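> Quick one: structure below, then a few questions.
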Amino acid sequence: MNLPWHLYLMAVLYIIAGLNHFRNPGMYIRIIPPFFSKPKLINILSGVAEIVFGILLIVPVTSHFGAWGIVSLLIAVFPANLFMYQNKKASFGLPKWILFVRLPLQVVLIFWAYQYTL
């Protein structure tokens, strides 16, 4: 069974993003809301999850598990996106409108991944 090219694209994007958690951990730790304890551990776990779910996406037999994992992960990291919007230090100096647009973009990414859950 051949997988569509856009599923491979999604997989590569999440694998690269996951690897970036280890290459540039400070960037991710900075956007983890302070009410979460152990931000370094959260960064590691979310990076590993992105890599694992990305790999699962490209294996036909497990692609639906990877897609469900991505959907779950996107929901789980939504507080970080909200924190970026609300906190100047976590915003990296990005304009408020860009940070606001990221919030509904999360829904688009969830919908994209959800297409492969079946």
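We name chains A, B, ... following the order of the structure tokens; residues begin at 1 in each chain, and ligands are numbered from 1 as shown.
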Within chain A, find each residue whose DSSP state, derived from the backbone, is helix (DSSP H, G or I), and express the selection as number ranges by chain.
A: 5-23, 25-30, 39-57, 63-76, 78-86, 89-91, 96-114
> For Leu105 of chain A, list every protein, DNA or RNA residue within 12 Å, evaluated using only C-alpha atoms, and leave out those in the same chain fewer than 6 positions away; present the list as a list of chain:residue names.
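Close residues of Leu105 of chain A: A:Leu74, A:Ile75, A:Phe78, A:Asn81, A:Leu82, A:Ile98, A:Leu99, A:Phe111, A:Trp112.
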> Let me make sure I understand: among A:Ala80, A:Gly66, A:Phe53, A:Lys88, which one has the smallest atom-to-atom distance to Phe35 of chain A if we use only C-alpha atoms?
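Smallest distance to Phe35 of chain A is found for A:Ala80.
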> May I ask for the distance between atom CA of Lys89 of chain A and atom CA of Ile31 of chain A, given in Å to one decimal place?
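Taking atom CA of Lys89 of chain A and atom CA of Ile31 of chain A, their separation equals 8.6 Å.
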